[in-house]
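For reference, structure35.cif (mmCIF, C-alpha atoms):
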```
data_model
#
loop_
_atom_site.label_atom_id
_atom_site.label_comp_id
_atom_site.auth_asym_id
_atom_site.auth_seq_id
_atom_site.Cartn_x
_atom_site.Cartn_y
_atom_site.Cartn_z
CA MET A 1 -22.49 13.71 -21.68
CA TRP A 2 -20.82 10.71 -20.01
CA LYS A 3 -23.05 8.30 -21.93
CA GLN A 4 -21.84 9.92 -25.14
CA LEU A 5 -18.24 9.33 -24.05
CA ALA A 6 -19.07 5.67 -23.31
CA SER A 7 -20.67 5.35 -26.75
CA SER A 8 -17.56 6.83 -28.41
CA ILE A 9 -15.38 4.37 -26.50
CA HIS A 10 -17.53 1.48 -27.75
CA SER A 11 -17.12 2.72 -31.32
CA SER A 12 -13.33 2.95 -31.11
CA GLY A 13 -12.55 -0.67 -31.94
CA ARG A 14 -10.40 -1.06 -28.80
CA LEU A 15 -10.90 -4.01 -26.44
CA ALA A 16 -10.22 -3.47 -22.74
CA VAL A 17 -9.79 -5.29 -19.46
CA ILE A 18 -10.41 -3.13 -16.40
CA ALA A 19 -9.16 -3.87 -12.87
CA ILE A 20 -10.46 -1.80 -9.97
CA THR A 21 -9.68 -1.72 -6.26
CA GLY A 22 -10.74 0.87 -3.69
CA GLY A 23 -12.99 2.94 -5.96
CA GLY A 24 -14.20 3.57 -9.50
CA SER A 25 -16.49 0.58 -9.98
CA GLN A 26 -19.36 2.84 -11.12
CA ALA A 27 -17.48 3.26 -14.43
CA VAL A 28 -18.23 -0.36 -15.36
CA GLY A 29 -21.94 0.23 -14.89
CA LYS A 30 -21.72 3.42 -16.94
CA LEU A 31 -19.98 1.60 -19.79
CA LEU A 32 -22.50 -1.26 -19.76
CA SER A 33 -25.53 1.03 -19.49
CA VAL A 34 -24.83 2.19 -23.05
CA PRO A 35 -25.48 -0.23 -25.94
CA GLY A 36 -22.31 -1.75 -27.39
CA GLY A 37 -20.50 -2.62 -24.17
CA SER A 38 -19.40 -5.98 -25.59
CA GLN A 39 -17.50 -4.08 -28.30
CA THR A 40 -15.18 -2.68 -25.63
CA LEU A 41 -15.23 -4.59 -22.38
CA LEU A 42 -13.62 -8.02 -22.33
CA GLU A 43 -13.58 -8.27 -18.57
CA ALA A 44 -13.84 -6.20 -15.39
CA VAL A 45 -12.31 -7.49 -12.17
CA VAL A 46 -12.40 -6.08 -8.63
CA PRO A 47 -9.47 -7.51 -6.58
CA TYR A 48 -10.60 -5.61 -3.49
CA SER A 49 -8.66 -7.31 -0.68
CA LEU A 50 -4.87 -7.23 -0.51
CA ALA A 51 -4.80 -11.02 -1.01
CA ALA A 52 -6.93 -10.68 -4.16
CA LEU A 53 -4.80 -7.81 -5.47
CA THR A 54 -1.60 -9.78 -4.83
CA ASP A 55 -3.04 -12.77 -6.68
CA PHE A 56 -4.12 -10.58 -9.60
CA LEU A 57 -0.72 -8.92 -9.93
CA GLY A 58 1.29 -12.08 -9.38
CA GLY A 59 3.09 -10.47 -6.45
CA ALA A 60 2.47 -8.17 -3.51
CA PRO A 61 2.64 -4.43 -4.28
CA ASP A 62 4.75 -2.20 -2.04
CA GLN A 63 1.63 -0.11 -1.42
CA ALA A 64 -1.93 -0.97 -2.46
CA CYS A 65 -2.97 2.59 -3.34
CA SER A 66 -0.18 4.14 -5.37
CA GLU A 67 0.60 5.23 -8.90
CA PRO A 68 3.04 2.31 -9.49
CA THR A 69 0.35 -0.16 -8.37
CA ALA A 70 -2.20 1.37 -10.77
CA ARG A 71 0.34 0.98 -13.58
CA ALA A 72 1.09 -2.62 -12.58
CA MET A 73 -2.65 -3.36 -12.56
CA ALA A 74 -2.96 -1.82 -16.02
CA MET A 75 -0.09 -3.93 -17.39
CA THR A 76 -1.59 -7.09 -15.89
CA ALA A 77 -4.96 -6.15 -17.39
CA TRP A 78 -3.35 -5.58 -20.81
CA MET A 79 -1.72 -9.01 -20.66
CA ARG A 80 -5.10 -10.47 -19.71
CA ALA A 81 -6.74 -8.76 -22.73
CA LYS A 82 -4.07 -10.29 -24.97
CA LYS A 83 -4.71 -13.71 -23.43
CA LEU A 84 -8.46 -13.31 -24.05
CA GLY A 85 -7.81 -12.86 -27.77
CA ALA A 86 -7.62 -9.12 -28.25
CA ASP A 87 -5.25 -7.83 -30.91
CA PRO A 88 -2.29 -6.75 -28.75
CA LEU A 89 -1.85 -3.56 -30.77
CA SER A 90 -5.40 -2.44 -30.06
CA ALA A 91 -5.81 -3.92 -26.55
CA VAL A 92 -6.10 -1.60 -23.53
CA GLY A 93 -5.45 -2.45 -19.91
CA VAL A 94 -6.82 -0.14 -17.22
CA GLY A 95 -5.99 -0.26 -13.51
CA VAL A 96 -7.57 1.89 -10.82
CA THR A 97 -6.62 2.00 -7.15
CA ALA A 98 -8.17 4.50 -4.78
CA SER A 99 -8.19 5.39 -1.10
CA LEU A 100 -11.55 7.03 -0.37
CA ILE A 101 -13.78 7.74 2.62
CA SER A 102 -14.46 4.56 4.60
CA ASP A 103 -16.04 3.56 7.88
CA VAL A 104 -12.58 3.85 9.48
CA PRO A 105 -11.04 7.36 9.21
CA LYS A 106 -7.85 7.41 7.14
CA ARG A 107 -4.74 9.18 8.36
CA GLY A 108 -3.36 9.49 4.84
CA GLU A 109 -4.63 11.50 1.90
CA HIS A 110 -7.67 10.51 -0.11
CA ARG A 111 -6.40 9.79 -3.60
CA ILE A 112 -7.15 8.15 -6.92
CA HIS A 113 -4.61 6.57 -9.28
CA VAL A 114 -5.44 5.33 -12.77
CA GLY A 115 -3.01 3.45 -15.02
CA VAL A 116 -3.54 2.75 -18.71
CA GLN A 117 -1.42 0.29 -20.69
CA THR A 118 -1.21 -0.25 -24.42
CA ALA A 119 1.43 -1.91 -26.57
CA ILE A 120 3.15 1.44 -27.15
CA ALA A 121 2.70 3.48 -23.97
CA THR A 122 2.10 3.48 -20.22
CA THR A 123 0.03 6.40 -18.95
CA SER A 124 -0.88 7.36 -15.39
CA TYR A 125 -3.34 9.80 -13.84
CA SER A 126 -3.18 10.73 -10.16
CA LEU A 127 -5.54 12.94 -8.18
CA THR A 128 -5.25 13.88 -4.51
CA LEU A 129 -8.58 14.90 -2.99
CA THR A 130 -9.25 17.46 -0.30
CA LYS A 131 -10.26 15.50 2.81
CA GLY A 132 -13.57 16.17 4.47
CA LYS A 133 -15.15 18.04 1.56
CA ARG A 134 -17.04 15.21 -0.17
CA THR A 135 -19.19 12.21 0.64
CA ARG A 136 -18.10 8.69 -0.25
CA GLU A 137 -20.56 8.77 -3.15
CA GLN A 138 -19.00 11.97 -4.52
CA GLU A 139 -15.45 10.59 -4.24
CA GLU A 140 -16.60 7.36 -5.88
CA ARG A 141 -18.14 9.33 -8.73
CA LEU A 142 -14.85 11.18 -9.28
CA SER A 143 -12.97 7.87 -9.44
CA ALA A 144 -15.36 6.49 -12.05
CA ARG A 145 -15.23 9.66 -14.15
CA LEU A 146 -11.43 9.73 -14.10
CA LEU A 147 -11.37 6.09 -15.24
CA LEU A 148 -13.73 6.92 -18.13
CA LEU A 149 -11.64 9.92 -19.17
CA ALA A 150 -8.44 7.84 -19.13
CA LEU A 151 -10.04 5.03 -21.14
CA GLY A 152 -11.49 7.58 -23.56
CA GLU A 153 -8.05 9.05 -24.18
CA ALA A 154 -6.58 5.58 -24.83
CA CYS A 155 -9.43 4.85 -27.26
CA LYS A 156 -8.98 8.25 -28.98
CA ALA A 157 -12.53 9.05 -27.93
CA ASP A 158 -11.64 12.21 -26.00
CA ASP A 159 -14.56 14.46 -25.18
CA ASP A 160 -13.69 18.08 -24.38
CA ALA A 161 -17.07 18.61 -22.71
CA CYS A 162 -16.43 15.69 -20.31
CA HIS A 163 -12.96 17.02 -19.51
CA ALA A 164 -14.39 20.47 -18.79
CA ARG A 165 -17.16 18.97 -16.65
CA PHE A 166 -14.62 16.94 -14.68
CA GLU A 167 -12.47 20.01 -14.07
CA ARG A 168 -15.54 21.78 -12.62
CA MET A 169 -15.95 18.89 -10.18
CA LEU A 170 -12.52 19.63 -8.69
CA LEU A 171 -11.92 21.91 -5.71
CA ASP A 172 -9.27 24.61 -5.43
CA GLY A 173 -5.80 23.07 -5.37
CA GLU A 174 -6.92 19.74 -6.86
CA GLN A 175 -5.30 18.83 -10.16
CA ILE A 176 -4.79 15.69 -12.21
CA GLN A 177 -1.13 14.71 -12.44
CA ARG A 178 -0.61 12.94 -15.76
CA GLY A 179 2.49 11.00 -16.74
CA GLN A 180 3.34 8.95 -19.81
CA GLN A 181 6.20 6.78 -21.04
CA GLN A 182 6.28 5.88 -24.71
CA ALA A 183 7.86 2.52 -25.45
CA LEU A 184 10.94 2.07 -27.56
CA ALA A 185 10.12 -0.09 -30.57
CA GLN A 186 12.24 -2.96 -29.15
CA TRP A 187 10.27 -2.90 -25.87
CA THR A 188 7.01 -3.33 -27.75
CA GLN A 189 8.47 -6.14 -29.85
CA LEU A 190 9.64 -7.88 -26.66
CA LEU A 191 6.23 -7.46 -25.04
CA LEU A 192 4.49 -8.86 -28.15
CA GLY A 193 6.80 -11.89 -28.21
CA LYS A 194 8.30 -10.87 -31.56
CA GLN A 195 11.78 -10.35 -30.11
CA PRO A 196 13.36 -12.69 -27.51
CA TYR A 197 15.46 -10.03 -25.79
CA VAL A 198 16.83 -6.50 -25.98
CA LEU A 199 20.51 -5.91 -25.21
CA LEU A 200 21.37 -2.39 -24.05
CA PRO A 201 23.42 -0.66 -25.20
CA PRO A 202 22.91 -2.23 -28.65
CA THR A 203 25.83 -4.16 -30.11
CA THR A 204 26.64 -5.76 -33.44
CA ASN A 205 27.79 -8.89 -31.59
CA LYS A 206 24.87 -11.33 -31.79
CA ALA A 207 26.24 -13.58 -29.03
CA LEU A 208 24.56 -13.18 -25.66
CA PRO A 209 26.66 -12.36 -22.58
CA LYS A 210 28.15 -15.44 -20.91
CA VAL A 211 27.63 -14.16 -17.36
CA LEU A 212 24.20 -12.77 -16.43
CA PHE A 213 23.09 -11.22 -13.17
CA PRO A 214 19.27 -11.52 -13.07
CA GLY A 215 17.26 -9.22 -10.82
CA ALA A 216 14.58 -6.58 -10.46
CA PHE A 217 17.12 -3.87 -9.43
CA ASN A 218 14.44 -1.80 -7.73
CA PRO A 219 16.62 0.01 -6.93
CA LEU A 220 20.15 -0.96 -7.95
CA HIS A 221 22.38 -0.72 -4.87
CA GLU A 222 25.99 -1.15 -3.78
CA GLY A 223 25.50 -4.85 -3.08
CA HIS A 224 24.51 -5.44 -6.72
CA ARG A 225 27.51 -3.54 -8.03
CA LEU A 226 29.93 -5.39 -5.74
CA MET A 227 28.48 -8.78 -6.71
CA ALA A 228 28.91 -7.92 -10.40
CA GLU A 229 32.52 -6.84 -9.85
CA ILE A 230 33.44 -9.99 -7.90
CA ALA A 231 31.68 -12.18 -10.48
CA GLU A 232 33.79 -10.58 -13.23
CA GLN A 233 36.96 -11.31 -11.32
CA LEU A 234 36.01 -14.95 -10.67
CA THR A 235 34.72 -15.74 -14.17
CA GLN A 236 37.15 -13.54 -16.12
CA SER A 237 34.15 -12.44 -18.21
CA ASN A 238 32.03 -9.31 -18.49
CA VAL A 239 28.86 -9.40 -16.39
CA SER A 240 25.56 -8.06 -17.72
CA TYR A 241 22.46 -7.37 -15.66
CA GLU A 242 19.36 -9.30 -16.79
CA MET A 243 15.90 -7.90 -16.13
CA SER A 244 12.67 -9.67 -17.12
CA VAL A 245 9.49 -7.71 -17.85
CA THR A 246 7.49 -10.60 -16.38
CA ASN A 247 8.45 -11.94 -12.98
CA VAL A 248 7.80 -14.61 -10.40
CA ASP A 249 6.39 -13.12 -7.17
CA LYS A 250 6.47 -9.58 -8.57
CA PRO A 251 4.07 -7.51 -10.68
CA PRO A 252 5.01 -7.18 -14.38
CA LEU A 253 7.08 -4.19 -15.47
CA ASP A 254 5.35 -1.44 -17.40
CA PHE A 255 7.22 1.02 -19.62
CA VAL A 256 7.66 3.57 -16.81
CA GLU A 257 9.29 0.94 -14.60
CA ILE A 258 11.51 -0.29 -17.44
CA SER A 259 12.63 3.26 -18.21
CA ASN A 260 13.25 4.16 -14.55
CA ARG A 261 15.26 1.03 -13.77
CA LEU A 262 17.36 1.27 -16.91
CA ALA A 263 18.06 4.92 -16.10
CA SER A 264 19.09 3.98 -12.55
CA ILE A 265 21.51 1.33 -13.82
CA ALA A 266 22.92 3.73 -16.40
CA LYS A 267 23.47 6.33 -13.68
CA HIS A 268 25.00 4.11 -10.97
CA ASP A 269 26.79 1.47 -13.08
CA PRO A 270 27.20 3.14 -16.50
CA THR A 271 29.63 0.63 -18.03
CA ARG A 272 27.37 -2.37 -17.38
CA SER A 273 25.15 -3.71 -20.18
CA VAL A 274 21.57 -4.86 -19.53
CA LEU A 275 19.73 -7.77 -21.13
CA LEU A 276 15.99 -7.10 -21.12
CA THR A 277 13.96 -10.31 -21.47
CA ALA A 278 10.51 -11.85 -20.98
CA ALA A 279 11.94 -14.91 -19.20
CA PRO A 280 10.66 -14.97 -15.59
CA THR A 281 12.06 -18.39 -14.57
CA PHE A 282 15.62 -19.68 -14.65
CA SER A 283 14.52 -22.56 -16.83
CA GLU A 284 13.39 -20.00 -19.42
CA LYS A 285 16.52 -17.90 -18.95
CA ALA A 286 18.68 -21.00 -19.54
CA ALA A 287 16.75 -21.81 -22.71
CA LEU A 288 17.41 -18.27 -23.93
CA ALA A 289 21.08 -18.06 -22.87
CA SER A 290 22.70 -21.50 -22.90
CA ASN A 291 26.28 -21.98 -21.66
CA CYS A 292 25.72 -19.10 -19.23
CA THR A 293 26.73 -18.48 -15.62
CA PHE A 294 24.00 -16.86 -13.52
CA VAL A 295 25.02 -14.59 -10.64
CA VAL A 296 22.54 -15.13 -7.80
CA GLY A 297 22.07 -14.63 -4.08
CA ALA A 298 21.42 -17.59 -1.80
CA ASP A 299 17.80 -16.39 -1.41
CA THR A 300 17.24 -16.63 -5.16
CA LEU A 301 18.79 -20.11 -5.33
CA GLN A 302 16.55 -21.26 -2.51
CA ARG A 303 13.49 -20.08 -4.46
CA ILE A 304 14.61 -22.11 -7.49
CA ALA A 305 14.37 -25.22 -5.29
CA ASP A 306 11.14 -24.21 -3.55
CA LEU A 307 8.31 -26.60 -4.49
CA HIS A 308 5.80 -23.77 -3.99
CA TYR A 309 6.74 -22.43 -7.43
CA TYR A 310 6.05 -25.78 -9.08
CA GLY A 311 2.62 -26.47 -7.62
CA ASP A 312 4.27 -28.71 -4.99
CA ASP A 313 5.23 -31.10 -7.79
CA THR A 314 8.71 -32.54 -7.22
CA LYS A 315 8.89 -33.88 -10.78
CA LEU A 316 8.30 -30.41 -12.27
CA ARG A 317 10.94 -28.90 -9.97
CA ASP A 318 13.50 -31.56 -10.86
CA LEU A 319 12.71 -31.21 -14.57
CA ALA A 320 13.34 -27.46 -14.40
CA ILE A 321 16.70 -28.02 -12.68
CA ARG A 322 17.60 -30.69 -15.23
CA ASN A 323 16.74 -28.31 -18.09
CA ILE A 324 19.10 -25.71 -16.63
CA GLY A 325 21.90 -28.27 -16.43
CA GLU A 326 21.28 -29.56 -19.95
CA ALA A 327 21.57 -25.98 -21.22
CA ASN A 328 25.06 -26.04 -19.67
CA CYS A 329 24.21 -23.19 -17.29
CA ARG A 330 25.67 -22.77 -13.81
CA PHE A 331 25.20 -20.56 -10.74
CA LEU A 332 27.70 -18.36 -8.92
CA VAL A 333 26.11 -18.10 -5.47
CA PHE A 334 26.62 -15.19 -3.07
CA GLY A 335 25.58 -15.38 0.60
CA ARG A 336 22.51 -13.42 1.73
CA LYS A 337 20.54 -12.88 4.90
CA LEU A 338 17.61 -15.31 5.18
CA GLU A 339 15.20 -14.84 8.09
CA GLY A 340 17.78 -12.74 9.93
CA GLU A 341 20.67 -15.18 9.49
CA PHE A 342 23.45 -14.93 6.91
CA CYS A 343 23.30 -18.01 4.68
CA SER A 344 25.77 -19.33 2.14
CA LEU A 345 25.32 -22.09 -0.43
CA SER A 346 26.46 -24.71 2.09
CA ASP A 347 23.68 -23.66 4.49
CA LEU A 348 20.86 -24.31 2.02
CA GLU A 349 18.80 -27.48 1.86
CA ILE A 350 18.43 -27.90 -1.89
CA PRO A 351 18.47 -30.88 -4.28
CA LEU A 352 21.88 -32.36 -5.06
CA GLU A 353 21.28 -31.83 -8.79
CA LEU A 354 21.03 -28.09 -8.16
CA THR A 355 24.00 -27.99 -5.78
CA GLU A 356 26.18 -29.61 -8.46
CA LEU A 357 25.47 -26.65 -10.76
CA CYS A 358 26.72 -24.14 -8.18
CA GLU A 359 29.92 -22.47 -7.08
CA GLU A 360 29.99 -20.63 -3.76
CA VAL A 361 31.43 -17.19 -3.09
CA PRO A 362 32.67 -17.29 0.53
CA GLU A 363 31.48 -14.77 3.13
CA SER A 364 35.07 -13.57 3.50
CA GLN A 365 34.90 -12.35 -0.09
CA PHE A 366 31.38 -10.90 -0.03
CA ARG A 367 29.01 -9.79 2.73
CA GLU A 368 26.47 -7.01 2.03
CA ASP A 369 23.20 -7.10 3.96
CA VAL A 370 21.50 -4.24 2.10
CA SER A 371 18.35 -5.17 0.16
CA SER A 372 16.24 -3.34 -2.41
CA SER A 373 13.02 -3.96 -0.47
CA ALA A 374 14.52 -2.42 2.69
CA LEU A 375 15.67 0.60 0.70
CA ARG A 376 12.18 1.04 -0.76
CA GLU A 377 10.67 0.82 2.73
CA ARG A 378 12.95 3.55 4.01
CA GLN A 379 12.08 5.73 1.03
#
```
Have the structure of the file written as structure tokens, please.
Amino acid sequence: MWKQLASSIHSSGRLAVIAITGGGSQAVGKLLSVPGGSQTLLEAVVPYSLAALTDFLGGAPDQACSEPTARAMAMTAWMRAKKLGADPLSAVGVGVTASLISDVPKRGEHRIHVGVQTAIATTSYSLTLTKGKRTREQEERLSARLLLLALGEACKADDDACHARFERMLLDGEQIQRGQQQALAQWTQLLLGKQPYVLLPPTTNKALPKVLFPGAFNPLHEGHRLMAEIAEQLTQSNVSYEMSVTNVDKPPLDFVEISNRLASIAKHDPTRSVLLTAAPTFSEKAALASNCTFVVGADTLQRIADLHYYGDDTKLRDLAIRNIGEANCRFLVFGRKLEGEFCSLSDLEIPLELTELCEEVPESQFREDVSSSALRERQ
């Protein structure tokens, strides 16, 4: 039955990259035990440690075993499939993260999360297991089967018999929680590199906003709103939030994340427009939006100067700063807490070339110590 599903997946014409951590690795063996595996599987990776998972995602997840992490793994896998030459419209990225029986008893629930990414949709499958009712081998088998079912659905190779068999493997009270976010056409075009940005709400004015406030906004909070308001007063221009689907030090945004964050901004700051881009660095943002003022915190400005992001190459760092200046872009810098101390522009040790592109907002005008990461931790 499961071999037939694997065979149908191989015949679908879809190419996949699969990333697995915590459980589900048996699915790779099942796929490759059936002739035709090279027609489907481009690559399978197992970033098992937190360090490996962080490296794979391009940033540390808030929680290793969670539905958002499975989705982020799937998006990273989809981007990897595209890089390996798969047609982006037929590529599939699959991410699996599981917390199963181990040699050290777990206080939390045993659970499996599967994310599937295509160019037009993000889909997730979550299953919480009843603790103490299965062996590690049985939980591992469930993880692998759920991965195969999710991949089969993405490849339009659904098998009703396999679904029914999987349901019979579940205990009372166990149920797959499935979620899906279809992409707007503009999101897909942005992801495929066929559109440089998406401005929301849409406007007939083709000129980009002259003041951009880049960030992840996960979640948007009062500090963000206050910074945007002060920036408008100081620049005498409308401020738009800018959010990149690919990021430095953070996992890429899938369609669920894009939808959730846009909805949060629309709810808490409804008059503010949002520029959605695929420009993770300020050098790329400046190339996209020349003659722009960027609203940033002191922590963000310090990262722009950090050699870590340039492979410890001073020349690359200085070239990036020079490119920002040549695009006639500047920074409006707000103080932030760094390592427990409030820091303003004048407290930072950054290159003179970067300092000359900056204007400081004094602490007397703005001081908000709230952070998105702290809010997520409390949640």
Counting all atoms listed in the file, which residues of range 199-315 of chain A sit at most 9 Å from some atom of range 68-78 of chain A, and what is each one's closest atom pair with its distance in Å to one decimal, listed by chain and rising residue number, as CSV?
```
residue,atom,partner,partner_atom,distance
A:Pro251,CA,A:Ala72,CA,6.0
A:Pro252,CA,A:Ala72,CA,6.3
A:Leu253,CA,A:Ala72,CA,6.8
A:Asp254,CA,A:Met75,CA,6.0
A:Val256,CA,A:Arg71,CA,8.4
A:Glu257,CA,A:Pro68,CA,8.2
```
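Polymer residues near (18.6, -9.8, -16.9): counting only C-alpha atoms with a cut-off of 10 Å, they are Tyr197, Val198, Leu199, Leu212, Phe213, Pro214, Gly215, Ala216, Phe217, Ser240, Tyr241, Glu242, Met243, Ser244, Val245, Ser273, Val274, Leu275, Leu276, Thr277, Ala278, Ala279, Pro280, Lys285 and Phe294 of chain A.
The closest residue to Tyr48 in chain A, picked from A:Arg14, A:Thr118, A:Val96, A:Glu174 and counting only C-alpha atoms, is A:Val96.
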Original post:
Can you list, as JSON, numbers by chain, every protein, DNA or RNA residue that comes within 9 Å of Thr21 in chain A when you count all atoms listed in the file, leaving out same-chain residues fewer than 6 positions away?
Top reply: {"A": [45, 46, 47, 48, 49, 53, 64, 65, 95, 96, 97, 98, 99]}
**OP:** Pick out the residues sitting within 7 Å of range 337-350 of chain A, and hand them over as number ranges by chain; count only C-alpha atoms, and ignore anything fewer than 2 positions along from it in its own chain.
**Re:** A: 298-299, 302, 305, 333-335, 352, 354-355, 360, 369
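Separating CA of Val92 in chain A from CA of Ala6 in chain A is a distance of 14.9 Å.
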**OP:** Starting from the displayed file, determine the output of the PyMOL selection byres ((chain A and resi 207) around 12) and express the residue list as a ChimeraX atom specification.
**Re:** /A:197,199,202-206,208-211,275,288-292
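With CA of Gly36 in chain A on one side and CA of Asp158 in chain A on the other, the separation reads 17.6 Å.
Nearest residue to Gln177 in chain A among A:Pro201, A:Pro196, A:Gly115, A:Gly108 is A:Gly115, counting only C-alpha atoms.
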Original post:
Could you name the residues that touch Glu167 in chain A at 12 Å or less, counting all atoms listed in the file, but leaving out those on the same chain fewer than 5 positions away, as a ChimeraX atom specification?
Top reply: /A:127,142,145-146,149,160-162,172-176
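Contact shell of Ala91 in chain A at 10 Å (all atoms listed in the file; same-chain neighbours under 5 positions omitted): Gly13, Arg14, Leu15, Ala16, Val17, Thr40, Leu42, Ala77, Trp78, Met79, Arg80, Ala81, Lys82, Gly85, Ala86, Gln117, Thr118, Ala119, Ala154 and Cys155 of chain A.
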For range 206-223 of chain A, supply N, CA, C and O atoms and format the output as a PDB file, in the frame of the given file.
```pdb
ATOM      1  N   LYS A 206      26.141 -10.632 -31.997  1.00  0.00           N
ATOM      2  CA  LYS A 206      24.870 -11.330 -31.790  1.00  0.00           C
ATOM      3  C   LYS A 206      24.919 -12.334 -30.638  1.00  0.00           C
ATOM      4  O   LYS A 206      23.891 -12.838 -30.203  1.00  0.00           O
ATOM      5  N   ALA A 207      26.117 -12.627 -30.140  1.00  0.00           N
ATOM      6  CA  ALA A 207      26.240 -13.580 -29.030  1.00  0.00           C
ATOM      7  C   ALA A 207      25.774 -12.936 -27.730  1.00  0.00           C
ATOM      8  O   ALA A 207      26.082 -11.776 -27.435  1.00  0.00           O
ATOM      9  N   LEU A 208      25.017 -13.685 -26.955  1.00  0.00           N
ATOM     10  CA  LEU A 208      24.560 -13.180 -25.660  1.00  0.00           C
ATOM     11  C   LEU A 208      25.698 -13.206 -24.650  1.00  0.00           C
ATOM     12  O   LEU A 208      26.629 -14.001 -24.772  1.00  0.00           O
ATOM     13  N   PRO A 209      25.628 -12.345 -23.628  1.00  0.00           N
ATOM     14  CA  PRO A 209      26.660 -12.360 -22.580  1.00  0.00           C
ATOM     15  C   PRO A 209      26.742 -13.736 -21.921  1.00  0.00           C
ATOM     16  O   PRO A 209      25.738 -14.438 -21.775  1.00  0.00           O
ATOM     17  N   LYS A 210      27.932 -14.127 -21.515  1.00  0.00           N
ATOM     18  CA  LYS A 210      28.150 -15.440 -20.910  1.00  0.00           C
ATOM     19  C   LYS A 210      27.973 -15.440 -19.398  1.00  0.00           C
ATOM     20  O   LYS A 210      27.916 -16.503 -18.773  1.00  0.00           O
ATOM     21  N   VAL A 211      27.897 -14.260 -18.796  1.00  0.00           N
ATOM     22  CA  VAL A 211      27.630 -14.160 -17.360  1.00  0.00           C
ATOM     23  C   VAL A 211      26.500 -13.149 -17.172  1.00  0.00           C
ATOM     24  O   VAL A 211      26.637 -11.973 -17.529  1.00  0.00           O
ATOM     25  N   LEU A 212      25.373 -13.616 -16.628  1.00  0.00           N
ATOM     26  CA  LEU A 212      24.200 -12.770 -16.430  1.00  0.00           C
ATOM     27  C   LEU A 212      23.858 -12.671 -14.947  1.00  0.00           C
ATOM     28  O   LEU A 212      23.915 -13.657 -14.212  1.00  0.00           O
ATOM     29  N   PHE A 213      23.496 -11.488 -14.549  1.00  0.00           N
ATOM     30  CA  PHE A 213      23.090 -11.220 -13.170  1.00  0.00           C
ATOM     31  C   PHE A 213      21.609 -10.836 -13.202  1.00  0.00           C
ATOM     32  O   PHE A 213      21.269  -9.680 -13.411  1.00  0.00           O
ATOM     33  N   PRO A 214      20.708 -11.820 -13.015  1.00  0.00           N
ATOM     34  CA  PRO A 214      19.270 -11.520 -13.070  1.00  0.00           C
ATOM     35  C   PRO A 214      18.795 -10.795 -11.807  1.00  0.00           C
ATOM     36  O   PRO A 214      19.281 -11.049 -10.706  1.00  0.00           O
ATOM     37  N   GLY A 215      17.832  -9.901 -11.976  1.00  0.00           N
ATOM     38  CA  GLY A 215      17.260  -9.220 -10.820  1.00  0.00           C
ATOM     39  C   GLY A 215      16.252  -8.182 -11.222  1.00  0.00           C
ATOM     40  O   GLY A 215      16.096  -7.852 -12.402  1.00  0.00           O
ATOM     41  N   ALA A 216      15.541  -7.653 -10.214  1.00  0.00           N
ATOM     42  CA  ALA A 216      14.580  -6.580 -10.460  1.00  0.00           C
ATOM     43  C   ALA A 216      15.269  -5.217 -10.383  1.00  0.00           C
ATOM     44  O   ALA A 216      14.831  -4.264 -11.024  1.00  0.00           O
ATOM     45  N   PHE A 217      16.333  -5.111  -9.557  1.00  0.00           N
ATOM     46  CA  PHE A 217      17.120  -3.870  -9.430  1.00  0.00           C
ATOM     47  C   PHE A 217      16.221  -2.671  -9.141  1.00  0.00           C
ATOM     48  O   PHE A 217      16.269  -1.657  -9.832  1.00  0.00           O
ATOM     49  N   ASN A 218      15.416  -2.830  -8.090  1.00  0.00           N
ATOM     50  CA  ASN A 218      14.440  -1.800  -7.730  1.00  0.00           C
ATOM     51  C   ASN A 218      14.606  -1.390  -6.266  1.00  0.00           C
ATOM     52  O   ASN A 218      13.828  -1.781  -5.394  1.00  0.00           O
ATOM     53  N   PRO A 219      15.652  -0.554  -5.979  1.00  0.00           N
ATOM     54  CA  PRO A 219      16.620   0.010  -6.930  1.00  0.00           C
ATOM     55  C   PRO A 219      17.917  -0.781  -6.967  1.00  0.00           C
ATOM     56  O   PRO A 219      18.158  -1.649  -6.120  1.00  0.00           O
ATOM     57  N   LEU A 220      18.783  -0.443  -7.933  1.00  0.00           N
ATOM     58  CA  LEU A 220      20.150  -0.960  -7.950  1.00  0.00           C
ATOM     59  C   LEU A 220      20.886  -0.389  -6.743  1.00  0.00           C
ATOM     60  O   LEU A 220      20.751   0.792  -6.431  1.00  0.00           O
ATOM     61  N   HIS A 221      21.656  -1.218  -6.032  1.00  0.00           N
ATOM     62  CA  HIS A 221      22.380  -0.720  -4.870  1.00  0.00           C
ATOM     63  C   HIS A 221      23.818  -1.234  -4.870  1.00  0.00           C
ATOM     64  O   HIS A 221      24.236  -1.985  -5.757  1.00  0.00           O
ATOM     65  N   GLU A 222      24.564  -0.839  -3.846  1.00  0.00           N
ATOM     66  CA  GLU A 222      25.990  -1.150  -3.780  1.00  0.00           C
ATOM     67  C   GLU A 222      26.238  -2.653  -3.760  1.00  0.00           C
ATOM     68  O   GLU A 222      27.230  -3.140  -4.318  1.00  0.00           O
ATOM     69  N   GLY A 223      25.345  -3.406  -3.112  1.00  0.00           N
ATOM     70  CA  GLY A 223      25.500  -4.850  -3.080  1.00  0.00           C
ATOM     71  C   GLY A 223      25.470  -5.455  -4.478  1.00  0.00           C
ATOM     72  O   GLY A 223      26.261  -6.359  -4.796  1.00  0.00           O
TER      73      GLY A 223
END
```
